[in-house]
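This is data14.cif (mmCIF, C-alpha atoms and all ligand atoms).
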data_target
#
loop_
_atom_site.label_atom_id
_atom_site.label_comp_id
_atom_site.auth_asym_id
_atom_site.auth_seq_id
_atom_site.Cartn_x
_atom_site.Cartn_y
_atom_site.Cartn_z
CA MET A 1 -17.32 21.97 8.51
CA LYS A 2 -17.74 18.40 9.70
CA THR A 3 -14.84 16.51 11.22
CA ILE A 4 -14.83 12.76 11.67
CA VAL A 5 -12.40 11.15 14.09
CA LEU A 6 -11.89 7.41 13.71
CA ASN A 7 -10.50 6.21 17.01
CA THR A 8 -8.95 2.73 16.92
CA LEU A 9 -7.64 3.08 20.49
CA GLY A 10 -10.90 3.30 22.45
CA GLU A 11 -11.58 5.03 25.80
CA GLU A 12 -7.96 5.40 26.90
CA VAL A 13 -7.25 8.30 24.50
CA LEU A 14 -10.68 9.94 24.45
CA GLU A 15 -9.71 12.85 26.72
CA GLN A 16 -6.63 13.55 24.63
CA ILE A 17 -8.66 13.50 21.43
CA ARG A 18 -11.16 15.98 22.92
CA THR A 19 -8.33 18.30 23.94
CA LEU A 20 -6.50 18.11 20.62
CA ILE A 21 -9.59 18.34 18.40
CA PRO A 22 -11.96 20.69 20.23
CA GLN A 23 -15.70 20.36 19.59
CA LYS A 24 -17.21 23.42 17.95
CA ASP A 25 -21.01 23.43 17.62
CA GLY A 26 -21.04 19.65 17.61
CA ASP A 27 -19.19 19.51 14.30
CA VAL A 28 -16.73 16.85 15.49
CA GLU A 29 -17.90 13.26 15.60
CA ILE A 30 -15.63 10.76 17.34
CA ILE A 31 -16.29 7.20 16.28
CA ASP A 32 -14.83 4.40 18.39
CA THR A 33 -13.78 1.76 15.85
CA SER A 34 -11.92 -0.39 18.38
CA ASP A 35 -14.74 -2.94 18.63
CA MET A 36 -16.09 -2.55 15.11
CA LYS A 37 -16.05 -5.18 12.45
CA ILE A 38 -13.78 -3.70 9.79
CA ALA A 39 -12.00 -5.94 7.30
CA HIS A 40 -9.00 -5.03 5.17
CA CYS A 41 -9.48 -3.78 1.64
CA MET A 42 -8.91 -6.85 -0.54
CA GLY A 43 -8.30 -4.90 -3.75
CA CYS A 44 -11.22 -6.53 -5.54
CA ASN A 45 -11.90 -3.26 -7.44
CA GLN A 46 -15.67 -3.77 -7.31
CA CYS A 47 -16.10 -0.28 -5.84
CA TRP A 48 -14.56 1.11 -9.04
CA LEU A 49 -15.56 -1.31 -11.76
CA LYS A 50 -18.67 -3.25 -10.78
CA THR A 51 -20.73 -1.26 -8.28
CA PRO A 52 -19.09 2.21 -8.51
CA GLY A 53 -18.83 3.85 -5.08
CA ILE A 54 -20.08 0.77 -3.18
CA CYS A 55 -17.64 -1.52 -1.37
CA ALA A 56 -18.16 -5.25 -1.78
CA ILE A 57 -17.34 -5.88 1.88
CA LYS A 58 -20.44 -5.61 4.04
CA ASP A 59 -19.22 -4.64 7.49
CA ASP A 60 -19.19 -1.59 9.78
CA TYR A 61 -17.16 0.51 7.33
CA GLU A 62 -20.11 1.29 5.06
CA ASP A 63 -21.66 3.57 7.72
CA ILE A 64 -18.28 5.23 8.23
CA LEU A 65 -17.97 5.84 4.50
CA LYS A 66 -21.38 7.51 4.39
CA LYS A 67 -20.24 9.88 7.14
CA LEU A 68 -16.94 10.62 5.38
CA ILE A 69 -18.89 11.65 2.30
CA GLN A 70 -20.50 14.41 4.43
CA ALA A 71 -17.20 15.43 6.07
CA GLU A 72 -14.35 17.80 5.28
CA ASN A 73 -11.78 16.49 7.75
CA LEU A 74 -10.79 13.01 8.80
CA TRP A 75 -8.56 12.25 11.77
CA ILE A 76 -7.27 8.74 12.31
CA VAL A 77 -6.25 7.78 15.82
CA SER A 78 -3.93 4.83 15.78
CA ASP A 79 -1.20 2.86 17.41
CA THR A 80 2.07 2.41 15.55
CA HIS A 81 4.21 -0.62 14.73
CA PHE A 82 7.62 -0.64 13.08
CA GLY A 83 7.51 3.18 12.99
CA PHE A 84 4.29 3.39 11.00
CA LEU A 85 0.54 3.01 11.53
CA SER A 86 -0.67 -0.28 12.95
CA HIS A 87 -2.83 -2.40 10.67
CA LYS A 88 -5.94 -1.18 12.51
CA GLY A 89 -5.26 2.43 11.56
CA LYS A 90 -4.01 1.71 8.07
CA ARG A 91 -7.00 -0.34 7.00
CA LEU A 92 -9.28 2.63 7.69
CA MET A 93 -7.49 4.49 4.90
CA ASP A 94 -7.19 1.49 2.58
CA ARG A 95 -10.98 1.16 2.67
CA ILE A 96 -11.51 4.74 1.51
CA MET A 97 -11.18 3.75 -2.15
CA PRO A 98 -14.94 4.12 -2.97
CA MET A 99 -14.48 7.88 -2.44
CA LEU A 100 -12.32 7.89 -5.57
CA ASN A 101 -13.06 6.85 -9.15
CA MET A 102 -11.03 4.45 -11.21
CA THR A 103 -10.54 7.15 -13.85
CA LEU A 104 -7.21 8.93 -13.85
CA GLY A 105 -6.26 12.56 -14.38
CA PHE A 106 -3.51 14.98 -13.37
CA ARG A 107 -3.97 16.98 -10.15
CA ASP A 108 -1.28 19.45 -9.03
CA GLY A 109 1.10 17.90 -11.53
CA TRP A 110 0.68 14.31 -10.34
CA MET A 111 -1.36 11.51 -11.82
CA ARG A 112 -4.25 10.82 -9.45
CA HIS A 113 -7.60 9.06 -9.40
CA GLU A 114 -10.48 11.47 -9.81
CA LEU A 115 -12.61 12.30 -6.77
CA ARG A 116 -16.05 10.71 -6.61
CA TYR A 117 -17.35 13.30 -4.14
CA HIS A 118 -15.14 16.05 -2.77
CA ALA A 119 -11.73 16.62 -1.19
CA LEU A 120 -10.99 15.32 2.30
CA ASN A 121 -8.31 16.68 4.65
CA ILE A 122 -6.41 14.08 6.63
CA GLY A 123 -4.88 14.18 10.11
CA LEU A 124 -3.28 11.61 12.36
CA LEU A 125 -3.07 11.20 16.13
CA TYR A 126 -0.59 8.44 16.77
CA LYS A 127 0.65 6.54 19.75
CA GLY A 128 3.93 4.66 19.91
CA ALA A 129 7.40 5.19 18.54
CA ALA A 130 7.44 6.69 15.07
CA GLU A 131 9.36 9.39 13.28
CA GLN A 132 7.34 12.57 13.26
CA SER A 133 8.43 13.52 9.74
CA MET A 134 7.40 10.10 8.39
CA MET A 135 3.90 10.49 9.85
CA GLU A 136 3.60 14.06 8.57
CA ASP A 137 4.68 13.05 5.06
CA TRP A 138 2.22 10.18 5.02
CA CYS A 139 -0.60 12.56 5.97
CA LYS A 140 0.40 15.03 3.26
CA ARG A 141 0.65 12.41 0.54
CA THR A 142 -2.53 10.62 1.58
CA ALA A 143 -4.50 13.86 1.72
CA ALA A 144 -3.22 14.85 -1.73
CA ASN A 145 -4.55 11.57 -3.11
CA ILE A 146 -8.00 12.58 -2.02
CA GLY A 147 -7.70 16.20 -3.10
CA GLY A 148 -7.22 17.67 0.39
CA HIS A 149 -4.37 18.77 2.63
CA SER A 150 -2.80 17.48 5.82
CA ILE A 151 -4.32 18.81 9.04
CA GLY A 152 -1.39 17.48 11.04
CA ALA A 153 0.27 14.44 12.54
CA ILE A 154 0.36 14.66 16.33
CA ALA A 155 2.02 12.24 18.75
CA LEU A 156 -0.26 11.36 21.67
CA LYS A 157 1.05 11.62 25.23
CA GLU A 158 3.31 8.83 26.47
CA THR A 159 4.62 8.24 23.01
CA PRO A 160 8.23 7.15 23.48
CA ASP A 161 11.07 8.36 21.28
CA ARG A 162 11.76 6.07 18.41
CA ILE A 163 14.54 3.56 19.13
CA GLN A 164 16.54 3.05 15.97
CA ASN A 165 17.51 -0.60 15.82
CA PRO A 166 21.06 -1.11 14.56
CA HIS A 167 21.15 -2.13 10.91
CA LEU A 168 22.75 -5.53 10.40
CA THR A 169 25.36 -6.15 7.73
CA THR A 170 24.07 -7.47 4.42
CA LEU A 171 24.51 -11.24 3.98
CA ASN A 172 27.40 -12.33 1.79
CA SER A 173 26.49 -16.02 1.57
CA GLN A 174 25.47 -17.48 -1.81
CA LEU A 175 21.73 -17.47 -2.51
CA SER A 176 20.35 -20.98 -3.09
CA HIS A 177 16.72 -20.78 -1.98
CA LEU A 178 14.37 -17.81 -1.76
CA VAL A 179 11.23 -17.52 0.37
CA ILE A 180 8.80 -15.25 -1.47
CA ILE A 181 5.83 -13.70 0.29
CA ASN A 182 3.12 -12.05 -1.79
CA GLY A 183 1.85 -9.26 0.46
CA SER A 184 -1.08 -8.33 -1.76
CA PRO A 185 -4.55 -8.61 -0.21
CA ARG A 186 -5.94 -9.46 -3.66
CA VAL A 187 -6.53 -13.16 -4.26
CA GLU A 188 -3.63 -14.88 -5.99
CA LYS A 189 -5.55 -15.50 -9.21
CA PHE A 190 -6.15 -11.78 -9.81
CA SER A 191 -3.06 -10.37 -8.16
CA ASN A 192 -0.69 -8.30 -10.29
CA THR A 193 2.02 -9.06 -7.74
CA ASP A 194 1.54 -12.75 -8.48
CA LYS A 195 2.18 -12.18 -12.18
CA ILE A 196 5.25 -10.07 -11.42
CA ILE A 197 6.56 -12.75 -9.03
CA HIS A 198 6.15 -15.46 -11.65
CA SER A 199 8.15 -13.48 -14.18
CA PHE A 200 10.81 -12.73 -11.56
CA THR A 201 11.14 -16.41 -10.64
CA LYS A 202 11.85 -17.33 -14.26
CA GLY A 203 15.08 -15.37 -13.80
CA LEU A 204 15.81 -17.19 -10.54
CA GLU A 205 15.18 -20.58 -12.10
CA LYS A 206 17.55 -19.87 -14.99
CA ALA A 207 20.27 -19.42 -12.37
CA GLY A 208 19.31 -22.65 -10.57
CA ILE A 209 17.79 -20.94 -7.51
CA THR A 210 14.84 -22.67 -5.87
CA TRP A 211 11.94 -20.71 -4.39
CA GLU A 212 8.68 -21.09 -2.52
CA LEU A 213 5.70 -18.74 -2.52
CA HIS A 214 3.24 -17.84 0.25
CA ASN A 215 0.24 -15.58 -0.30
CA LEU A 216 -0.99 -13.33 2.50
CA SER A 217 -4.37 -12.97 0.79
CA ASN A 218 -5.02 -16.48 2.09
CA ARG A 219 -4.79 -16.48 5.89
CA ASN A 220 -4.40 -20.26 5.82
CA GLU A 221 -0.93 -19.66 4.35
CA TRP A 222 0.23 -17.34 7.16
CA ASN A 223 1.67 -20.06 9.41
CA ALA A 224 3.73 -21.53 6.59
CA ALA A 225 4.88 -18.04 5.55
CA ARG A 226 6.01 -17.26 9.12
CA GLU A 227 7.76 -20.60 9.45
CA ALA A 228 9.56 -20.19 6.11
CA PHE A 229 10.64 -16.65 7.01
CA LEU A 230 12.05 -17.80 10.35
CA THR A 231 13.89 -20.85 9.04
CA HIS A 232 15.47 -19.49 5.84
CA GLU A 233 18.13 -16.88 5.34
CA ARG A 234 16.58 -14.87 2.56
CA THR A 235 13.03 -13.62 2.14
CA LEU A 236 11.60 -11.46 -0.60
CA ILE A 237 8.37 -9.65 0.21
CA ALA A 238 6.63 -8.54 -2.98
CA PHE A 239 3.63 -6.25 -2.61
CA PRO A 240 1.61 -3.39 -4.11
CA LEU A 241 1.67 0.14 -2.77
CA TYR A 242 -1.58 0.78 -0.87
CA VAL A 243 -2.37 4.36 0.13
CA GLU A 244 1.27 5.45 0.10
CA CYS A 245 2.65 2.51 2.07
CA VAL A 246 2.22 -1.17 2.91
CA PRO A 247 -1.30 -2.72 2.65
CA GLY A 248 -3.08 -3.01 6.02
CA LEU A 249 -3.29 -6.79 5.61
CA MET A 250 0.48 -7.08 5.17
CA LEU A 251 1.03 -4.89 8.24
CA GLU A 252 -1.15 -7.28 10.23
CA PHE A 253 1.00 -10.21 9.11
CA LEU A 254 4.22 -8.35 9.95
CA GLU A 255 2.85 -7.62 13.43
CA THR A 256 2.60 -11.38 14.04
CA LEU A 257 6.32 -11.97 13.39
CA PRO A 258 8.67 -12.29 16.37
CA VAL A 259 11.01 -9.32 16.75
CA GLU A 260 13.99 -11.55 17.37
CA ARG A 261 15.24 -14.54 15.46
CA THR A 262 17.77 -17.24 16.20
CA GLN A 263 19.44 -17.37 12.82
CA LYS A 264 20.62 -14.80 10.32
CA GLY A 265 18.02 -13.39 8.00
CA GLU A 266 17.73 -10.83 5.25
CA ILE A 267 14.61 -9.27 3.76
CA SER A 268 14.46 -7.73 0.29
CA PHE A 269 11.38 -6.08 -1.13
CA LEU A 270 9.70 -5.87 -4.50
CA LEU A 271 7.42 -2.84 -4.40
CA HIS A 272 5.16 -1.89 -7.27
CA GLY A 273 1.97 0.10 -7.74
CA GLY A 274 -0.40 1.85 -10.05
CA MET A 275 1.38 5.14 -10.51
CA ASP A 276 4.43 5.36 -12.78
CA GLU A 277 6.78 7.84 -11.18
CA GLY A 278 9.46 6.80 -8.69
CA ASN A 279 8.64 9.61 -6.29
CA GLU A 280 5.35 7.87 -5.40
CA TYR A 281 7.24 5.03 -3.75
CA ARG A 282 9.85 6.86 -1.65
CA LEU A 283 7.85 7.17 1.55
CA CYS A 284 7.16 3.45 1.54
CA GLU A 285 10.80 2.75 0.70
CA ARG A 286 11.77 4.72 3.81
CA PHE A 287 9.58 2.40 5.87
CA LEU A 288 11.07 -0.67 4.19
CA LYS A 289 14.66 0.39 4.90
CA GLU A 290 13.94 0.41 8.65
CA LEU A 291 11.72 -2.66 8.82
CA PRO A 292 14.20 -5.60 8.61
CA ALA A 293 16.29 -4.36 11.57
CA GLN A 294 13.14 -4.46 13.70
CA LEU A 295 12.67 -8.12 12.81
CA GLY A 296 16.30 -9.03 13.51
CA CYS A 297 17.21 -9.09 9.81
CA SER A 298 19.43 -7.17 7.41
CA TYR A 299 18.02 -5.12 4.54
CA GLY A 300 18.54 -6.53 1.06
CA GLY A 301 17.24 -3.49 -0.83
CA SER A 302 14.03 -2.75 -2.71
CA LEU A 303 13.17 -3.23 -6.35
CA ILE A 304 10.66 -0.52 -7.17
CA HIS A 305 8.64 -0.10 -10.31
CA GLY A 306 5.30 1.53 -11.07
CA GLY A 307 2.69 1.15 -13.76
CA SER A 308 1.38 -2.25 -12.63
CA PHE A 309 -2.21 -1.08 -12.39
CA LEU A 310 -3.13 -2.17 -15.89
CA ILE A 311 -1.73 -5.71 -15.72
CA ARG A 312 -5.03 -7.05 -14.45
CA THR A 313 -7.16 -5.23 -17.01
CA SER A 314 -4.89 -6.01 -20.01
CA LYS A 315 -5.15 -8.89 -22.48
CA PRO A 316 -2.88 -11.85 -21.51
CA ASP A 317 -0.20 -11.17 -24.18
CA MET A 318 -0.01 -7.49 -23.17
CA ALA A 319 0.11 -8.43 -19.47
CA ALA A 320 2.96 -10.87 -20.21
CA LYS A 321 4.87 -8.06 -21.94
CA MET A 322 4.38 -5.79 -18.94
CA VAL A 323 5.88 -8.23 -16.47
CA ALA A 324 8.66 -9.61 -18.74
CA PRO A 325 11.36 -7.14 -17.48
CA TYR A 326 11.09 -8.66 -14.01
CA ALA A 327 12.69 -11.90 -15.27
CA LYS A 328 15.93 -9.96 -15.84
CA MET A 329 15.71 -8.63 -12.32
CA GLY A 330 15.26 -12.20 -11.07
CA ARG A 331 18.53 -13.17 -12.80
CA LEU A 332 20.29 -10.20 -11.24
CA PHE A 333 18.93 -11.06 -7.81
CA ALA A 334 20.11 -14.64 -8.26
CA GLN A 335 23.69 -13.42 -8.81
CA LYS A 336 23.82 -10.89 -5.99
CA GLY A 337 21.32 -12.28 -3.47
CA ASN A 338 19.99 -8.75 -2.95
CA PHE A 339 18.77 -5.61 -4.72
CA LEU A 340 21.62 -3.38 -3.64
CA THR A 341 22.93 -2.61 -7.13
CA PRO A 342 22.70 0.50 -9.37
CA LYS A 343 20.82 -1.50 -12.04
CA VAL A 344 17.99 -2.00 -9.58
CA ALA A 345 17.81 1.73 -8.87
CA LYS A 346 17.57 2.39 -12.62
CA PHE A 347 14.73 -0.09 -13.01
CA THR A 348 12.41 2.33 -11.18
CA GLY A 349 12.39 4.82 -14.04
CA PRO A 350 11.92 8.59 -13.76
CA GLU A 351 11.26 10.19 -10.37
CA GLN A 352 8.81 12.60 -11.95
CA TYR A 353 7.84 13.08 -15.58
CA PRO A 354 8.82 16.40 -17.13
CA TRP A 355 5.75 18.57 -17.73
CA ILE A 356 5.86 17.92 -21.47
CA VAL A 357 5.57 14.16 -20.88
CA ARG A 358 2.68 14.73 -18.47
CA LYS A 359 0.97 16.85 -21.09
CA LEU A 360 1.51 14.15 -23.70
CA ILE A 361 0.13 11.45 -21.39
CA SER A 362 -2.91 13.62 -20.64
CA LEU A 363 -3.58 14.30 -24.29
CA ALA A 364 -2.62 11.02 -25.90
CA PHE A 365 -3.20 8.23 -23.37
CA LEU A 366 -5.47 9.10 -20.46
CA ALA A 367 -8.70 9.22 -22.46
CA LYS A 368 -7.82 5.84 -23.96
CA ILE A 369 -6.92 4.31 -20.59
CA ASN A 370 -10.11 5.65 -18.99
CA LYS A 371 -12.17 4.31 -21.90
CA GLY A 372 -10.46 0.94 -21.37
CA PHE A 373 -11.65 0.98 -17.72
CA GLU A 374 -15.23 1.59 -18.89
CA GLU A 375 -15.06 -1.35 -21.30
CA PHE A 376 -13.57 -3.56 -18.60
CA ALA A 377 -16.37 -2.53 -16.22
CA GLN A 378 -19.00 -3.44 -18.81
CA GLY A 379 -17.38 -6.88 -19.03
CA TRP A 380 -17.96 -7.19 -15.27
CA GLY A 381 -21.64 -6.41 -15.71
CA CYS A 382 -21.39 -2.85 -14.36
CA THR A 383 -24.56 -0.96 -15.22
CA ARG A 384 -23.74 2.40 -13.61
CA PRO A 385 -21.38 5.16 -14.81
CA LEU A 386 -17.92 4.82 -13.21
CA ASP A 387 -18.32 8.22 -11.53
CA ASP A 388 -21.70 7.31 -9.99
CA LYS A 389 -22.41 8.77 -6.52
CA PRO A 390 -24.53 6.13 -4.77
CA PHE A 391 -24.66 7.93 -1.37
C1 LIG B 1 -6.64 0.13 -1.48
C2 LIG B 1 -5.67 0.41 -2.59
C3 LIG B 1 -4.75 1.44 -2.46
C4 LIG B 1 -3.83 1.72 -3.48
N1 LIG B 1 -2.96 2.75 -3.30
C5 LIG B 1 -2.05 3.02 -4.26
C6 LIG B 1 -1.13 4.10 -4.10
O1 LIG B 1 -1.11 4.82 -3.08
N2 LIG B 1 -0.27 4.34 -5.11
C7 LIG B 1 -0.23 3.58 -6.24
O2 LIG B 1 0.61 3.85 -7.10
N3 LIG B 1 -1.08 2.54 -6.41
C8 LIG B 1 -1.98 2.25 -5.45
N4 LIG B 1 -2.85 1.20 -5.62
C9 LIG B 1 -2.78 0.38 -6.83
C10 LIG B 1 -2.06 -0.95 -6.63
O3 LIG B 1 -0.79 -0.75 -6.07
C11 LIG B 1 -1.91 -1.65 -8.00
O4 LIG B 1 -3.17 -1.78 -8.60
C12 LIG B 1 -1.23 -3.00 -7.92
O5 LIG B 1 -0.95 -3.42 -9.23
C13 LIG B 1 -2.10 -4.05 -7.26
O6 LIG B 1 -1.37 -5.26 -7.18
P1 LIG B 1 -2.12 -6.62 -6.73
O7 LIG B 1 -3.03 -6.97 -7.85
O8 LIG B 1 -1.07 -7.65 -6.55
O9 LIG B 1 -2.82 -6.32 -5.48
C14 LIG B 1 -3.80 0.91 -4.65
C15 LIG B 1 -4.73 -0.12 -4.79
C16 LIG B 1 -5.65 -0.38 -3.78
C17 LIG B 1 -6.65 -1.50 -3.95
#
In structure tokens, how does this file's structure come out?
Ligand SMILES: Cc1cc2nc3c(=O)[nH]c(=O)nc-3n(C[C@H](O)[C@H](O)[C@H](O)COP(=O)(O)O)c2cc1C
Amino acid sequence: MKTIVLNTLGEEVLEQIRTLIPQKDGDVEIIDTSDMKIAHCMGCNQCWLKTPGICAIKDDYEDILKKLIQAENLWIVSDTHFGFLSHKGKRLMDRIMPMLNMTLGFRDGWMRHELRYHALNIGLLYKGAAEQSMMEDWCKRTAANIGGHSIGAIALKETPDRIQNPHLTTLNSQLSHLVIINGSPRVEKFSNTDKIIHSFTKGLEKAGITWELHNLSNRNEWNAAREAFLTHERTLIAFPLYVECVPGLMLEFLETLPVERTQKGEISFLLHGGMDEGNEYRLCERFLKELPAQLGCSYGGSLIHGGSFLIRTSKPDMAAKMVAPYAKMGRLFAQKGNFLTPKVAKFTGPEQYPWIVRKLISLAFLAKINKGFEEFAQGWGCTRPLDDKPF
């Protein structure tokens, strides 16, 4: 049973790692990633649709991936920020996508991507202030995505208790201008978030609200995004769910923001993702509820909706239909200035499909959706089967 430990924290925690994950017959390999060249997943989907199983980014992660394919357990050793993994820890999980296939199926009652190789158990050694139950839940959910189970979330020594910042009162001023940040790592042109934002802003415009957009996928826009966030009252961060929480790239941006600000601010979130059911988004929502207070802002609520996966692979008229409901939400946001209304909660849809609906989806739609992925891949010049195992 091979165990891989990806240590983002270097020498300082090596002794603790060795104590917590004892070596048995040399079956534990600790890899120091602190000086490695590892980029964020950029959501290009090439590992699913163009070169199945092979990541387009050529950096130190490819060797790690080859080792993970031989392993049963993966431990991530990471710092925390805002009560969750730092971007350095999170990106190690975001990059694991080539171990899954694009094709979808139901596993343990939930819609999941099929495994390209085998199940992987996930554990976390974390340093810094975070809620234990949050870290445990993330491990459980992440492991389930890759067919395995959680092998534990353990706080490293000298981890302080989490300080809960006081939540500030929601703004009651009229909304006139909205700063929108697209937190997707995928380039603007291909980003589903971008299409959702543009539908949402139609609703804002109808109500006479002005807006500006900054894309985190382009690092050249980070300074302007930071400046806009610090100098305007209201910010909306729209982003896709990435491995059960915020994309690593967006975490990196958030880590660059000052924790205090001189003027009032409020952050609202628009969270979407591939999977349909509301339950998929609750762990991330928990993170979002705590985040604004740690940046000196109040929380303006989260608009959550799944099923965005297919926007990119759909024909333009179909894609337009998929994002059209967001325009209504834009109008609602324009009136209230936040997402703290029951209509927003309803927009999420069912928490979990009843078994009969799951059965119907399996029988009636999944084969068609998976076929659609194959056709899309052919359009990209993919010459291998989508479940290819290149390593
Ligand atoms: C690395 C990665 C991780 C993802 N993790 C999840 C996930 O945990 N749950 C989910 O529902 N969708 C997940 N998705 C799907 C995206 O949320 C979805 O495709 C979204 O529409 C992408 O938006 P974008 O094009 O703006 O990046 C993931 C996608 C990527 C690339």
Shell of 8 Å around ligand LIG 1 (chain B) (all atoms listed in the file), written as a count of residues only = 47
Atom pair CA of Met135 (chain A) / CA of Ile76 (chain A): separation (Å) |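 CA of Ile76 (chain A) lies at a distance of 11.6 Å from CA of Met135 (chain A).
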Rank A:Tyr326, A:Pro390, A:Leu363, A:Lys50 by their smallest atom-to-atom distance to Glu375 (chain A), using all atoms listed in the file, and report the top residue only.
-> A:Lys50
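Closest approach to Phe333 (chain A) among A:Glu290, A:Glu205, A:Glu29, A:Glu12: A:Glu205, based on all atoms listed in the file.
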Show me as a PDB file with C-alpha atoms, keeping the file's coordinate frame the residues that reach within 8 Å of (6.1, 8.6, 5.9), counting only C-alpha atoms and using the file's own coordinates.
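Written file, part.pdb:
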ATOM      1  CA  PHE A  84       4.290   3.390  11.000  1.00  0.00           C
ATOM      2  CA  SER A 133       8.430  13.520   9.740  1.00  0.00           C
ATOM      3  CA  MET A 134       7.400  10.100   8.390  1.00  0.00           C
ATOM      4  CA  MET A 135       3.900  10.490   9.850  1.00  0.00           C
ATOM      5  CA  GLU A 136       3.600  14.060   8.570  1.00  0.00           C
ATOM      6  CA  ASP A 137       4.680  13.050   5.060  1.00  0.00           C
ATOM      7  CA  TRP A 138       2.220  10.180   5.020  1.00  0.00           C
ATOM      8  CA  CYS A 139      -0.600  12.560   5.970  1.00  0.00           C
ATOM      9  CA  CYS A 245       2.650   2.510   2.070  1.00  0.00           C
ATOM     10  CA  LEU A 283       7.850   7.170   1.550  1.00  0.00           C
ATOM     11  CA  CYS A 284       7.160   3.450   1.540  1.00  0.00           C
ATOM     12  CA  ARG A 286      11.770   4.720   3.810  1.00  0.00           C
ATOM     13  CA  PHE A 287       9.580   2.400   5.870  1.00  0.00           C
TER      14      PHE A 287
END
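The two atoms in question, CA of Ile21 (chain A) and CA of Asp35 (chain A), are spaced 21.9 Å apart.
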Nearest residue to Pro160 (chain A) from the set A:Gln132, A:Thr231, A:Asn223, A:Ser86 (distances using all atoms listed in the file) |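 For Pro160 (chain A), the nearest of the given residues is A:Gln132.
CA of His40 (chain A) is positioned 21.7 Å from CA of Glu285 (chain A).
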Residues around (-21.3, 6.9, 9.2), cut-off 12 Å, counting all atoms listed in the file - what are they as a list in words?
->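 Final list of nearby residues, as requested, is Thr3, Ile4, Val5, Leu6, Glu29, Ile30, Ile31, Asp32, Thr33, Asp59, Asp60, Tyr61, Glu62, Asp63, Ile64, Leu65, Lys66, Lys67, Leu68, Ile69, Gln70, Ala71 and Phe391 of chain A.
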Shortest interatomic distance to Asn279 (chain A) - which of A:His167, A:Lys88, A:His305, A:His118, counting all atoms listed in the file =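 The answer is A:His305, which sits nearest to Asn279 (chain A).
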